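*Asks:* Okay, handing you the structure first.
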Amino acid sequence: MAYSLNQKIKDLEPYEPISGTYKIRLDANESPFSYTDEIKEKIAEAVKTIDYNRYPDPMAEELCEAFADFYGVDKKLVTAANGSDELISVIETSFLMKGEKLLFIAPDFSMYKFYSSICEAECVQINKNPELEFTADEMIKAIKDSGAKCVIFSNPCNPTGQGLDREAIRKIVSSVDALIVDDEAYMDFWDQSMIGETENYDNLIVLRTASKAFGSAALRLGFAVANEKITRAMKAVKSPYNVNSVSQKVGTIIYREKEYFKKSLSSIVYNRDLLYNGLRNCSCFTDDFRVYPTVTNFVFVKTTMALDIWKYLLSKSVAIRYMGEYIRISAGTDEETAFVLAEIENYLKNLKKN
């Protein structure tokens with residue numbers, strides 16, 4: 001008899017990001033800035049000390065200490081992982097029993113729903129309003145009505161760029177007994193983090209990443225911050241050697257480069273604002289171009305021309321993210337931001353003429 005794949009994986013397709021080589025990549029919400037030569041030299045010296053025949057530190061102690069120092073939290077509350085994706089998978093497979101309910105809010109990061117299907121949790125979806133917003137009260141009601149044991153959402157949100165302020169998150173966490181997973185992958189671009197308050201709650205996990213503001217997507221570094229009880233459980237259920245020695249060494253260095261990355265962050269936010277305002281100005285060429293407010297490093301736009309604009313920019317060697325009736329554009333360098341705005345304006349002007 002032939003072996004058959006089970007129902008939950010037989011129709012899955014591998015994740016395939018946009019392929020090809022483009023002069024400007026604004027499709028993955030990465031930082032447009034790589035490390036300085038000085039930082040690269042520190043990294044080169046550090047990796048020389050690695051014993052490649054030995055397993056990495058299973059708890060990534062030095063890395064967690066550098067991360068904790070950067071954000072002003074206690075290192076004993078930090079768990080390091082192979083990207084935030086690993087943490088999402090570990091949380092959903094370990095903190096939920098088969099058949100228990102996971103709540104998420106659409107639109108949001110697609111991997112939340114994906115991992116829930118793998119761990120066979122029941123996924124409950126609530127939809128945001130036409131403004132792509134939702135309130136703390138709406139979430140609290142949805143949690144109680146559904147009986148969800150876990151809630152996960154990105155804050156600020158990927159892909160909408162909008163977020164709930166700290167007071168709203170406090171209200172949610174303190175009003176329910178479900179586990180609240182607050183994915184702050186883009187919180188470095190805003191000032192409403194809950195990362196310093198996890199000790200105050202027995203049902204809160206805050207996730208962070210090095211892939212966005214720190215220009216370190218290649219390292220695949222993610223972090224969970226929670227109270228000691230949850231952190232102990234996280235470290236017990238994760239893979240023993242989940243963060244490789246190279247990423248630990250490099251990650252420790254980058255989290256100690258506070259001034260450089262704060263300066264880099266300021267540049268990204270500045271160009272994000274230029275991108276947002278420039279796209280808002282493009283709205284004068286058509287009513288079919290809705291630009292949403294953003295507190296992230298990208299801008300989200302609704303338009304029936306999304307596919308055409310995406311294809312047009314690809315022809316100009318610019319990659320952005322196409323999402324059905326939406327496009328998402330990451331903030332680039334000064335030159336990249338100016339170029340993509342000029343090309344979108346050019347496209348809309350020509351469309352209006354015709």
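Naming scheme: A, B, ... for chains in displayed order of the structure tokens; residues 1 onward per chain; ligands 1 onward as shown.
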With stretch 146-163 of chain A as the partner and 12 Å as the cut-off, tabulate the residues of stretch 215-327 of chain A that qualify, each row holding the nearest pair of atoms and their distance in Å to one decimal, using only C-alpha atoms, sorted by chain and rising number, as a Markdown table.
*Replies:*
```
| residue | atom | partner | partner_atom | distance |
| --- | --- | --- | --- | --- |
| A:Arg272 | CA | A:Gly161 | CA | 10.9 |
| A:Tyr276 | CA | A:Gly161 | CA | 10.9 |
| A:Arg290 | CA | A:Thr160 | CA | 11.8 |
| A:Val291 | CA | A:Thr160 | CA | 9.9 |
| A:Tyr292 | CA | A:Thr160 | CA | 7.2 |
| A:Pro293 | CA | A:Gln162 | CA | 6.4 |
| A:Thr294 | CA | A:Gly161 | CA | 4.4 |
| A:Val295 | CA | A:Gly161 | CA | 5.8 |
| A:Thr296 | CA | A:Gly161 | CA | 5.4 |
| A:Asn297 | CA | A:Gly161 | CA | 8.0 |
| A:Phe298 | CA | A:Gly161 | CA | 6.7 |
| A:Val299 | CA | A:Gly161 | CA | 6.5 |
| A:Phe300 | CA | A:Thr160 | CA | 5.7 |
| A:Val301 | CA | A:Thr160 | CA | 8.6 |
| A:Lys302 | CA | A:Thr160 | CA | 10.1 |
| A:Arg321 | CA | A:Pro159 | CA | 9.9 |
| A:Tyr322 | CA | A:Pro159 | CA | 11.0 |
| A:Met323 | CA | A:Pro159 | CA | 9.2 |
| A:Tyr326 | CA | A:Pro159 | CA | 9.5 |
| A:Ile327 | CA | A:Pro159 | CA | 9.3 |
```
*Asks:* Using only C-alpha atoms, determine which residues lie at most 12 Å from stretch 306-316 of chain A, disregarding the query and same-chain residues fewer than 5 positions distant; provide the list as a ChimeraX atom specification.
*Replies:* /A:18-27,288-290,300-301,321-329,336,339-348,351
*Asks:* Keeping only N, CA and C atoms, write those residues as a CSV table (one decimal), in the first residue's frame.
*Replies:*
```csv
chain,number,residue,atom,x,y,z
A,18,ILE,N,8.5,36.4,-3.4
A,18,ILE,CA,8.8,36.9,-4.8
A,18,ILE,C,10.2,36.5,-5.2
A,19,SER,N,10.3,36.0,-6.4
A,19,SER,CA,11.6,35.6,-6.9
A,19,SER,C,12.1,36.6,-7.9
A,20,GLY,N,13.4,36.5,-8.2
A,20,GLY,CA,14.0,37.4,-9.1
A,20,GLY,C,14.9,38.4,-8.4
A,21,THR,N,15.6,39.2,-9.2
A,21,THR,CA,16.6,40.2,-8.7
A,21,THR,C,16.0,41.6,-9.1
A,22,TYR,N,15.9,42.4,-8.1
A,22,TYR,CA,15.4,43.7,-8.3
A,22,TYR,C,16.3,44.8,-7.6
A,23,LYS,N,16.4,45.9,-8.3
A,23,LYS,CA,17.3,47.0,-7.7
A,23,LYS,C,16.8,47.5,-6.4
A,24,ILE,N,15.5,47.5,-6.2
A,24,ILE,CA,14.9,48.0,-5.0
A,24,ILE,C,13.9,47.0,-4.4
A,25,ARG,N,14.1,46.5,-3.2
A,25,ARG,CA,13.3,45.5,-2.6
A,25,ARG,C,12.5,46.2,-1.4
A,26,LEU,N,11.2,46.4,-1.6
A,26,LEU,CA,10.4,47.0,-0.5
A,26,LEU,C,9.2,46.1,-0.2
A,27,ASP,N,9.4,44.8,-0.4
A,27,ASP,CA,8.3,43.9,-0.3
A,27,ASP,C,8.2,43.1,1.0
A,288,ASP,N,-9.5,56.1,-6.2
A,288,ASP,CA,-9.3,54.6,-6.0
A,288,ASP,C,-7.9,54.4,-5.4
A,289,PHE,N,-7.6,55.0,-4.3
A,289,PHE,CA,-6.3,54.9,-3.7
A,289,PHE,C,-6.4,55.3,-2.2
A,290,ARG,N,-6.7,54.3,-1.3
A,290,ARG,CA,-6.9,54.6,0.1
A,290,ARG,C,-5.6,54.3,0.8
A,300,PHE,N,0.3,50.8,4.0
A,300,PHE,CA,-0.7,49.9,3.4
A,300,PHE,C,-1.7,50.7,2.6
A,301,VAL,N,-1.9,50.2,1.4
A,301,VAL,CA,-2.8,51.0,0.4
A,301,VAL,C,-3.8,50.1,-0.2
A,321,ARG,N,4.9,44.5,-2.0
A,321,ARG,CA,4.0,43.3,-1.7
A,321,ARG,C,2.6,43.5,-2.3
A,322,TYR,N,2.2,42.6,-3.1
A,322,TYR,CA,0.8,42.6,-3.6
A,322,TYR,C,0.0,41.7,-2.8
A,323,MET,N,-1.2,42.2,-2.4
A,323,MET,CA,-2.1,41.4,-1.4
A,323,MET,C,-3.5,41.6,-1.9
A,324,GLY,N,-3.8,41.1,-3.1
A,324,GLY,CA,-5.2,41.2,-3.5
A,324,GLY,C,-5.6,42.6,-3.9
A,325,GLU,N,-6.5,43.2,-3.1
A,325,GLU,CA,-6.9,44.6,-3.4
A,325,GLU,C,-6.0,45.6,-2.6
A,326,TYR,N,-4.9,45.1,-2.1
A,326,TYR,CA,-4.0,46.0,-1.3
A,326,TYR,C,-2.6,45.8,-1.9
A,327,ILE,N,-1.8,46.9,-1.6
A,327,ILE,CA,-0.4,46.8,-1.8
A,327,ILE,C,0.3,47.3,-0.5
A,328,ARG,N,1.4,46.7,-0.1
A,328,ARG,CA,2.1,47.1,1.1
A,328,ARG,C,3.6,47.4,0.6
A,329,ILE,N,4.0,48.6,1.1
A,329,ILE,CA,5.3,49.1,0.6
A,329,ILE,C,6.1,49.5,1.8
A,336,GLU,N,15.6,55.2,-2.5
A,336,GLU,CA,14.6,54.2,-2.8
A,336,GLU,C,13.1,54.8,-2.6
A,339,PHE,N,12.3,57.2,-5.3
A,339,PHE,CA,12.1,56.6,-6.6
A,339,PHE,C,10.7,55.9,-6.7
A,340,VAL,N,10.4,55.2,-5.7
A,340,VAL,CA,9.1,54.5,-5.8
A,340,VAL,C,7.9,55.4,-5.8
A,341,LEU,N,8.0,56.5,-5.0
A,341,LEU,CA,7.0,57.5,-5.0
A,341,LEU,C,6.8,58.2,-6.4
A,342,ALA,N,8.0,58.5,-7.0
A,342,ALA,CA,7.9,59.1,-8.4
A,342,ALA,C,7.3,58.2,-9.4
A,343,GLU,N,7.6,56.9,-9.3
A,343,GLU,CA,7.1,55.9,-10.2
A,343,GLU,C,5.6,55.7,-10.1
A,344,ILE,N,5.1,55.6,-8.8
A,344,ILE,CA,3.7,55.5,-8.6
A,344,ILE,C,2.9,56.7,-9.1
A,345,GLU,N,3.5,57.9,-8.8
A,345,GLU,CA,2.9,59.1,-9.3
A,345,GLU,C,2.8,59.2,-10.8
A,346,ASN,N,3.9,58.7,-11.4
A,346,ASN,CA,4.0,58.7,-12.9
A,346,ASN,C,2.9,57.7,-13.4
A,347,TYR,N,2.8,56.6,-12.8
A,347,TYR,CA,1.7,55.6,-13.2
A,347,TYR,C,0.3,56.2,-13.1
A,348,LEU,N,0.0,56.8,-12.0
A,348,LEU,CA,-1.3,57.4,-11.8
A,348,LEU,C,-1.6,58.6,-12.7
A,351,LEU,N,-2.3,57.2,-16.1
A,351,LEU,CA,-3.6,56.6,-16.1
A,351,LEU,C,-4.7,57.6,-16.2
```
*Asks:* Please identify which residues in stretch 115-346 of chain A DSSP calls strand (DSSP E or B) from the backbone, and express them as a PDB file with N, CA, C and O atoms, in the first residue's frame.
*Replies:*
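As a result, result-v3.pdb now contains:
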```
ATOM      1  N   GLU A 122      -8.594  24.740  17.186  1.00  0.00           N
ATOM      2  CA  GLU A 122      -9.708  25.331  16.451  1.00  0.00           C
ATOM      3  C   GLU A 122      -9.467  26.825  16.313  1.00  0.00           C
ATOM      4  O   GLU A 122      -9.303  27.523  17.318  1.00  0.00           O
ATOM      5  N   CYS A 123      -9.439  27.304  15.097  1.00  0.00           N
ATOM      6  CA  CYS A 123      -9.109  28.710  14.856  1.00  0.00           C
ATOM      7  C   CYS A 123     -10.391  29.535  14.738  1.00  0.00           C
ATOM      8  O   CYS A 123     -11.258  29.237  13.913  1.00  0.00           O
ATOM      9  N   VAL A 124     -10.510  30.547  15.573  1.00  0.00           N
ATOM     10  CA  VAL A 124     -11.661  31.443  15.549  1.00  0.00           C
ATOM     11  C   VAL A 124     -11.204  32.786  15.001  1.00  0.00           C
ATOM     12  O   VAL A 124     -10.277  33.400  15.538  1.00  0.00           O
ATOM     13  N   GLN A 125     -11.830  33.221  13.939  1.00  0.00           N
ATOM     14  CA  GLN A 125     -11.435  34.477  13.297  1.00  0.00           C
ATOM     15  C   GLN A 125     -12.491  35.547  13.498  1.00  0.00           C
ATOM     16  O   GLN A 125     -13.681  35.310  13.318  1.00  0.00           O
ATOM     17  N   ILE A 126     -12.053  36.736  13.911  1.00  0.00           N
ATOM     18  CA  ILE A 126     -12.934  37.897  13.900  1.00  0.00           C
ATOM     19  C   ILE A 126     -12.335  38.915  12.939  1.00  0.00           C
ATOM     20  O   ILE A 126     -11.116  38.989  12.785  1.00  0.00           O
ATOM     21  N   ASN A 127     -13.193  39.656  12.292  1.00  0.00           N
ATOM     22  CA  ASN A 127     -12.738  40.580  11.254  1.00  0.00           C
ATOM     23  C   ASN A 127     -12.730  42.027  11.744  1.00  0.00           C
ATOM     24  O   ASN A 127     -13.608  42.438  12.504  1.00  0.00           O
ATOM     25  N   CYS A 150      -6.401  31.072  23.791  1.00  0.00           N
ATOM     26  CA  CYS A 150      -5.227  31.852  23.400  1.00  0.00           C
ATOM     27  C   CYS A 150      -5.629  32.841  22.324  1.00  0.00           C
ATOM     28  O   CYS A 150      -6.462  32.535  21.459  1.00  0.00           O
ATOM     29  N   VAL A 151      -5.060  34.029  22.390  1.00  0.00           N
ATOM     30  CA  VAL A 151      -5.292  35.078  21.395  1.00  0.00           C
ATOM     31  C   VAL A 151      -3.927  35.565  20.924  1.00  0.00           C
ATOM     32  O   VAL A 151      -3.043  35.831  21.744  1.00  0.00           O
ATOM     33  N   ILE A 152      -3.746  35.671  19.609  1.00  0.00           N
ATOM     34  CA  ILE A 152      -2.481  36.163  19.093  1.00  0.00           C
ATOM     35  C   ILE A 152      -2.749  37.221  18.036  1.00  0.00           C
ATOM     36  O   ILE A 152      -3.636  37.062  17.189  1.00  0.00           O
ATOM     37  N   PHE A 153      -2.001  38.306  18.102  1.00  0.00           N
ATOM     38  CA  PHE A 153      -2.170  39.389  17.128  1.00  0.00           C
ATOM     39  C   PHE A 153      -0.887  40.194  17.064  1.00  0.00           C
ATOM     40  O   PHE A 153      -0.112  40.255  18.025  1.00  0.00           O
ATOM     41  N   SER A 154      -0.650  40.802  15.907  1.00  0.00           N
ATOM     42  CA  SER A 154       0.522  41.677  15.762  1.00  0.00           C
ATOM     43  C   SER A 154       0.114  43.089  16.157  1.00  0.00           C
ATOM     44  O   SER A 154      -0.950  43.575  15.771  1.00  0.00           O
ATOM     45  N   LEU A 179      -4.649  33.253  27.317  1.00  0.00           N
ATOM     46  CA  LEU A 179      -3.273  33.674  27.087  1.00  0.00           C
ATOM     47  C   LEU A 179      -3.254  34.697  25.962  1.00  0.00           C
ATOM     48  O   LEU A 179      -3.762  34.439  24.867  1.00  0.00           O
ATOM     49  N   ILE A 180      -2.670  35.863  26.216  1.00  0.00           N
ATOM     50  CA  ILE A 180      -2.588  36.930  25.218  1.00  0.00           C
ATOM     51  C   ILE A 180      -1.168  36.978  24.674  1.00  0.00           C
ATOM     52  O   ILE A 180      -0.207  37.227  25.416  1.00  0.00           O
ATOM     53  N   VAL A 181      -1.028  36.741  23.375  1.00  0.00           N
ATOM     54  CA  VAL A 181       0.285  36.800  22.716  1.00  0.00           C
ATOM     55  C   VAL A 181       0.316  38.070  21.873  1.00  0.00           C
ATOM     56  O   VAL A 181      -0.350  38.177  20.842  1.00  0.00           O
ATOM     57  N   ASP A 182       1.077  39.036  22.349  1.00  0.00           N
ATOM     58  CA  ASP A 182       1.178  40.363  21.747  1.00  0.00           C
ATOM     59  C   ASP A 182       2.463  40.403  20.911  1.00  0.00           C
ATOM     60  O   ASP A 182       3.560  40.565  21.437  1.00  0.00           O
ATOM     61  N   ASP A 183       2.325  40.230  19.610  1.00  0.00           N
ATOM     62  CA  ASP A 183       3.478  40.153  18.706  1.00  0.00           C
ATOM     63  C   ASP A 183       3.913  41.559  18.316  1.00  0.00           C
ATOM     64  O   ASP A 183       3.315  42.192  17.441  1.00  0.00           O
ATOM     65  N   LEU A 204       0.349  36.981  29.718  1.00  0.00           N
ATOM     66  CA  LEU A 204       0.848  37.832  28.638  1.00  0.00           C
ATOM     67  C   LEU A 204       2.221  37.375  28.159  1.00  0.00           C
ATOM     68  O   LEU A 204       3.138  37.167  28.957  1.00  0.00           O
ATOM     69  N   ILE A 205       2.350  37.224  26.842  1.00  0.00           N
ATOM     70  CA  ILE A 205       3.647  37.005  26.196  1.00  0.00           C
ATOM     71  C   ILE A 205       3.828  38.099  25.155  1.00  0.00           C
ATOM     72  O   ILE A 205       2.947  38.333  24.318  1.00  0.00           O
ATOM     73  N   VAL A 206       4.967  38.772  25.188  1.00  0.00           N
ATOM     74  CA  VAL A 206       5.321  39.771  24.187  1.00  0.00           C
ATOM     75  C   VAL A 206       6.419  39.187  23.295  1.00  0.00           C
ATOM     76  O   VAL A 206       7.421  38.680  23.792  1.00  0.00           O
ATOM     77  N   LEU A 207       6.200  39.252  21.997  1.00  0.00           N
ATOM     78  CA  LEU A 207       7.187  38.765  21.039  1.00  0.00           C
ATOM     79  C   LEU A 207       7.925  39.936  20.398  1.00  0.00           C
ATOM     80  O   LEU A 207       7.333  40.981  20.134  1.00  0.00           O
ATOM     81  N   ARG A 208       9.199  39.732  20.129  1.00  0.00           N
ATOM     82  CA  ARG A 208      10.025  40.723  19.436  1.00  0.00           C
ATOM     83  C   ARG A 208      10.904  40.034  18.391  1.00  0.00           C
ATOM     84  O   ARG A 208      11.116  38.823  18.442  1.00  0.00           O
ATOM     85  N   THR A 209      11.441  40.812  17.450  1.00  0.00           N
ATOM     86  CA  THR A 209      12.280  40.269  16.394  1.00  0.00           C
ATOM     87  C   THR A 209      13.451  41.196  16.112  1.00  0.00           C
ATOM     88  O   THR A 209      13.364  42.403  16.348  1.00  0.00           O
ATOM     89  N   LEU A 221      16.364  35.803  14.310  1.00  0.00           N
ATOM     90  CA  LEU A 221      16.340  35.921  15.760  1.00  0.00           C
ATOM     91  C   LEU A 221      14.992  36.470  16.226  1.00  0.00           C
ATOM     92  O   LEU A 221      14.543  37.527  15.782  1.00  0.00           O
ATOM     93  N   GLY A 222      14.348  35.741  17.122  1.00  0.00           N
ATOM     94  CA  GLY A 222      13.119  36.195  17.742  1.00  0.00           C
ATOM     95  C   GLY A 222      13.212  36.025  19.245  1.00  0.00           C
ATOM     96  O   GLY A 222      14.024  35.231  19.741  1.00  0.00           O
ATOM     97  N   PHE A 223      12.392  36.769  19.974  1.00  0.00           N
ATOM     98  CA  PHE A 223      12.443  36.746  21.429  1.00  0.00           C
ATOM     99  C   PHE A 223      11.033  36.778  22.005  1.00  0.00           C
ATOM    100  O   PHE A 223      10.150  37.461  21.485  1.00  0.00           O
ATOM    101  N   ALA A 224      10.844  36.043  23.089  1.00  0.00           N
ATOM    102  CA  ALA A 224       9.605  36.103  23.863  1.00  0.00           C
ATOM    103  C   ALA A 224       9.929  36.645  25.242  1.00  0.00           C
ATOM    104  O   ALA A 224      10.925  36.253  25.855  1.00  0.00           O
ATOM    105  N   VAL A 225       9.096  37.556  25.722  1.00  0.00           N
ATOM    106  CA  VAL A 225       9.248  38.113  27.067  1.00  0.00           C
ATOM    107  C   VAL A 225       7.947  37.853  27.815  1.00  0.00           C
ATOM    108  O   VAL A 225       6.857  38.193  27.333  1.00  0.00           O
ATOM    109  N   ALA A 226       8.060  37.215  28.976  1.00  0.00           N
ATOM    110  CA  ALA A 226       6.876  36.854  29.765  1.00  0.00           C
ATOM    111  C   ALA A 226       7.279  36.710  31.221  1.00  0.00           C
ATOM    112  O   ALA A 226       8.469  36.821  31.565  1.00  0.00           O
ATOM    113  N   ARG A 290      -6.668  54.331  -1.346  1.00  0.00           N
ATOM    114  CA  ARG A 290      -6.868  54.584   0.079  1.00  0.00           C
ATOM    115  C   ARG A 290      -5.578  54.259   0.838  1.00  0.00           C
ATOM    116  O   ARG A 290      -5.130  53.108   0.856  1.00  0.00           O
ATOM    117  N   VAL A 291      -4.986  55.258   1.469  1.00  0.00           N
ATOM    118  CA  VAL A 291      -3.741  55.077   2.220  1.00  0.00           C
ATOM    119  C   VAL A 291      -4.064  55.052   3.712  1.00  0.00           C
ATOM    120  O   VAL A 291      -4.657  55.994   4.240  1.00  0.00           O
ATOM    121  N   PHE A 298       6.209  50.436   7.193  1.00  0.00           N
ATOM    122  CA  PHE A 298       5.613  50.236   5.881  1.00  0.00           C
ATOM    123  C   PHE A 298       4.292  50.979   5.791  1.00  0.00           C
ATOM    124  O   PHE A 298       3.761  51.454   6.806  1.00  0.00           O
ATOM    125  N   VAL A 299       3.763  51.061   4.576  1.00  0.00           N
ATOM    126  CA  VAL A 299       2.489  51.736   4.333  1.00  0.00           C
ATOM    127  C   VAL A 299       1.575  50.784   3.569  1.00  0.00           C
ATOM    128  O   VAL A 299       2.004  50.097   2.642  1.00  0.00           O
ATOM    129  N   PHE A 300       0.319  50.754   3.966  1.00  0.00           N
ATOM    130  CA  PHE A 300      -0.684  49.852   3.403  1.00  0.00           C
ATOM    131  C   PHE A 300      -1.670  50.673   2.583  1.00  0.00           C
ATOM    132  O   PHE A 300      -2.186  51.690   3.059  1.00  0.00           O
ATOM    133  N   VAL A 301      -1.941  50.232   1.360  1.00  0.00           N
ATOM    134  CA  VAL A 301      -2.786  50.982   0.432  1.00  0.00           C
ATOM    135  C   VAL A 301      -3.843  50.060  -0.158  1.00  0.00           C
ATOM    136  O   VAL A 301      -3.534  48.940  -0.583  1.00  0.00           O
ATOM    137  N   LYS A 302      -5.080  50.534  -0.195  1.00  0.00           N
ATOM    138  CA  LYS A 302      -6.157  49.792  -0.834  1.00  0.00           C
ATOM    139  C   LYS A 302      -6.489  50.439  -2.172  1.00  0.00           C
ATOM    140  O   LYS A 302      -6.738  51.649  -2.252  1.00  0.00           O
ATOM    141  N   VAL A 318      11.412  47.344  -9.164  1.00  0.00           N
ATOM    142  CA  VAL A 318      11.020  47.649  -7.784  1.00  0.00           C
ATOM    143  C   VAL A 318      10.037  46.584  -7.314  1.00  0.00           C
ATOM    144  O   VAL A 318       8.996  46.362  -7.945  1.00  0.00           O
ATOM    145  N   ALA A 319      10.345  45.911  -6.218  1.00  0.00           N
ATOM    146  CA  ALA A 319       9.456  44.892  -5.667  1.00  0.00           C
ATOM    147  C   ALA A 319       8.736  45.439  -4.446  1.00  0.00           C
ATOM    148  O   ALA A 319       9.366  45.941  -3.509  1.00  0.00           O
ATOM    149  N   ARG A 321       4.861  44.495  -2.044  1.00  0.00           N
ATOM    150  CA  ARG A 321       4.028  43.338  -1.717  1.00  0.00           C
ATOM    151  C   ARG A 321       2.627  43.535  -2.290  1.00  0.00           C
ATOM    152  O   ARG A 321       1.961  44.543  -2.001  1.00  0.00           O
ATOM    153  N   TYR A 322       2.190  42.584  -3.099  1.00  0.00           N
ATOM    154  CA  TYR A 322       0.837  42.585  -3.648  1.00  0.00           C
ATOM    155  C   TYR A 322      -0.031  41.682  -2.794  1.00  0.00           C
ATOM    156  O   TYR A 322       0.316  40.530  -2.527  1.00  0.00           O
ATOM    157  N   MET A 323      -1.185  42.192  -2.352  1.00  0.00           N
ATOM    158  CA  MET A 323      -2.057  41.449  -1.448  1.00  0.00           C
ATOM    159  C   MET A 323      -3.514  41.613  -1.866  1.00  0.00           C
ATOM    160  O   MET A 323      -4.329  42.229  -1.169  1.00  0.00           O
ATOM    161  N   TYR A 326      -4.934  45.121  -2.098  1.00  0.00           N
ATOM    162  CA  TYR A 326      -4.028  45.978  -1.339  1.00  0.00           C
ATOM    163  C   TYR A 326      -2.595  45.848  -1.860  1.00  0.00           C
ATOM    164  O   TYR A 326      -2.214  44.826  -2.428  1.00  0.00           O
ATOM    165  N   ILE A 327      -1.812  46.889  -1.621  1.00  0.00           N
ATOM    166  CA  ILE A 327      -0.361  46.813  -1.774  1.00  0.00           C
ATOM    167  C   ILE A 327       0.266  47.289  -0.468  1.00  0.00           C
ATOM    168  O   ILE A 327      -0.290  48.139   0.234  1.00  0.00           O
ATOM    169  N   ARG A 328       1.404  46.687  -0.132  1.00  0.00           N
ATOM    170  CA  ARG A 328       2.145  47.080   1.066  1.00  0.00           C
ATOM    171  C   ARG A 328       3.561  47.442   0.637  1.00  0.00           C
ATOM    172  O   ARG A 328       4.216  46.671  -0.054  1.00  0.00           O
ATOM    173  N   ILE A 329       4.000  48.624   1.062  1.00  0.00           N
ATOM    174  CA  ILE A 329       5.296  49.134   0.622  1.00  0.00           C
ATOM    175  C   ILE A 329       6.145  49.458   1.843  1.00  0.00           C
ATOM    176  O   ILE A 329       5.744  50.250   2.705  1.00  0.00           O
ATOM    177  N   SER A 330       7.321  48.875   1.922  1.00  0.00           N
ATOM    178  CA  SER A 330       8.231  49.138   3.041  1.00  0.00           C
ATOM    179  C   SER A 330       8.982  50.445   2.805  1.00  0.00           C
ATOM    180  O   SER A 330       9.250  50.837   1.665  1.00  0.00           O
TER     181      SER A 330
END
```
*Asks:* Check the smallest atom-to-atom distance from each of A:Ala217, A:Leu103, A:Ala46, A:Ser110 to A:Tyr15 using only C-alpha atoms, then report the winner.
*Replies:*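 Of A:Ala217, A:Leu103, A:Ala46, A:Ser110, the one nearest A:Tyr15 is A:Ser110, counting only C-alpha atoms.
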*Asks:* Using Å and a single decimal, report how far atom CA of A:Leu219 sits from atom CA of A:Ser84.
*Replies:*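 Those two atoms sit 11.5 Å apart.
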*Asks:* Pick out the closest residue to A:Gly72 from this set: A:Ala210, A:Ile195, A:Val243, A:Ile50. Count only C-alpha atoms.
*Replies:*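 Nearest candidate to A:Gly72 out of A:Ala210, A:Ile195, A:Val243, A:Ile50: A:Ile195.
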*Asks:* Write out as JSON, numbers by chain each polymer residue whose atoms come within 10 Å of A:Thr135, counting only C-alpha atoms; drop sequence neighbours fewer than 2 positions from it.
*Replies:* {"A": [128, 129, 133, 137, 138, 139, 140, 163, 164, 168, 169, 172]}
*Asks:* If you keep N, CA and C atoms, can you produce a file of those selected residues as an mmCIF file, in the first residue's frame?
*Replies:*
```
data_model
loop_
_atom_site.group_PDB
_atom_site.id
_atom_site.type_symbol
_atom_site.label_atom_id
_atom_site.label_comp_id
_atom_site.auth_asym_id
_atom_site.auth_seq_id
_atom_site.Cartn_x
_atom_site.Cartn_y
_atom_site.Cartn_z
ATOM 1 N N LYS A 128 -11.739 42.758 11.294
ATOM 2 C CA LYS A 128 -11.679 44.179 11.608
ATOM 3 C C LYS A 128 -12.738 44.928 10.801
ATOM 4 N N ASN A 129 -13.029 46.150 11.215
ATOM 5 C CA ASN A 129 -14.028 46.948 10.520
ATOM 6 C C ASN A 129 -13.455 47.488 9.197
ATOM 7 N N GLU A 133 -9.669 48.454 11.751
ATOM 8 C CA GLU A 133 -9.432 48.679 13.172
ATOM 9 C C GLU A 133 -10.299 47.725 14.000
ATOM 10 N N ASP A 137 -12.573 46.446 23.619
ATOM 11 C CA ASP A 137 -13.863 45.887 24.030
ATOM 12 C C ASP A 137 -14.336 44.815 23.059
ATOM 13 N N GLU A 138 -14.112 45.036 21.759
ATOM 14 C CA GLU A 138 -14.509 44.046 20.761
ATOM 15 C C GLU A 138 -13.711 42.752 20.926
ATOM 16 N N MET A 139 -12.442 42.888 21.226
ATOM 17 C CA MET A 139 -11.619 41.701 21.409
ATOM 18 C C MET A 139 -12.020 40.958 22.682
ATOM 19 N N ILE A 140 -12.241 41.679 23.751
ATOM 20 C CA ILE A 140 -12.646 41.052 25.014
ATOM 21 C C ILE A 140 -13.945 40.266 24.829
ATOM 22 N N GLY A 163 -2.193 50.176 15.108
ATOM 23 C CA GLY A 163 -1.955 49.495 16.368
ATOM 24 C C GLY A 163 -2.888 49.907 17.488
ATOM 25 N N LEU A 164 -2.895 49.086 18.542
ATOM 26 C CA LEU A 164 -3.609 49.402 19.786
ATOM 27 C C LEU A 164 -2.619 49.997 20.765
ATOM 28 N N ALA A 168 -5.045 50.020 25.869
ATOM 29 C CA ALA A 168 -5.974 49.038 25.307
ATOM 30 C C ALA A 168 -5.478 47.614 25.559
ATOM 31 N N ILE A 169 -4.179 47.403 25.411
ATOM 32 C CA ILE A 169 -3.622 46.071 25.657
ATOM 33 C C ILE A 169 -3.766 45.704 27.131
ATOM 34 N N ILE A 172 -7.291 44.525 27.756
ATOM 35 C CA ILE A 172 -7.552 43.178 27.243
ATOM 36 C C ILE A 172 -6.961 42.122 28.170
#
```
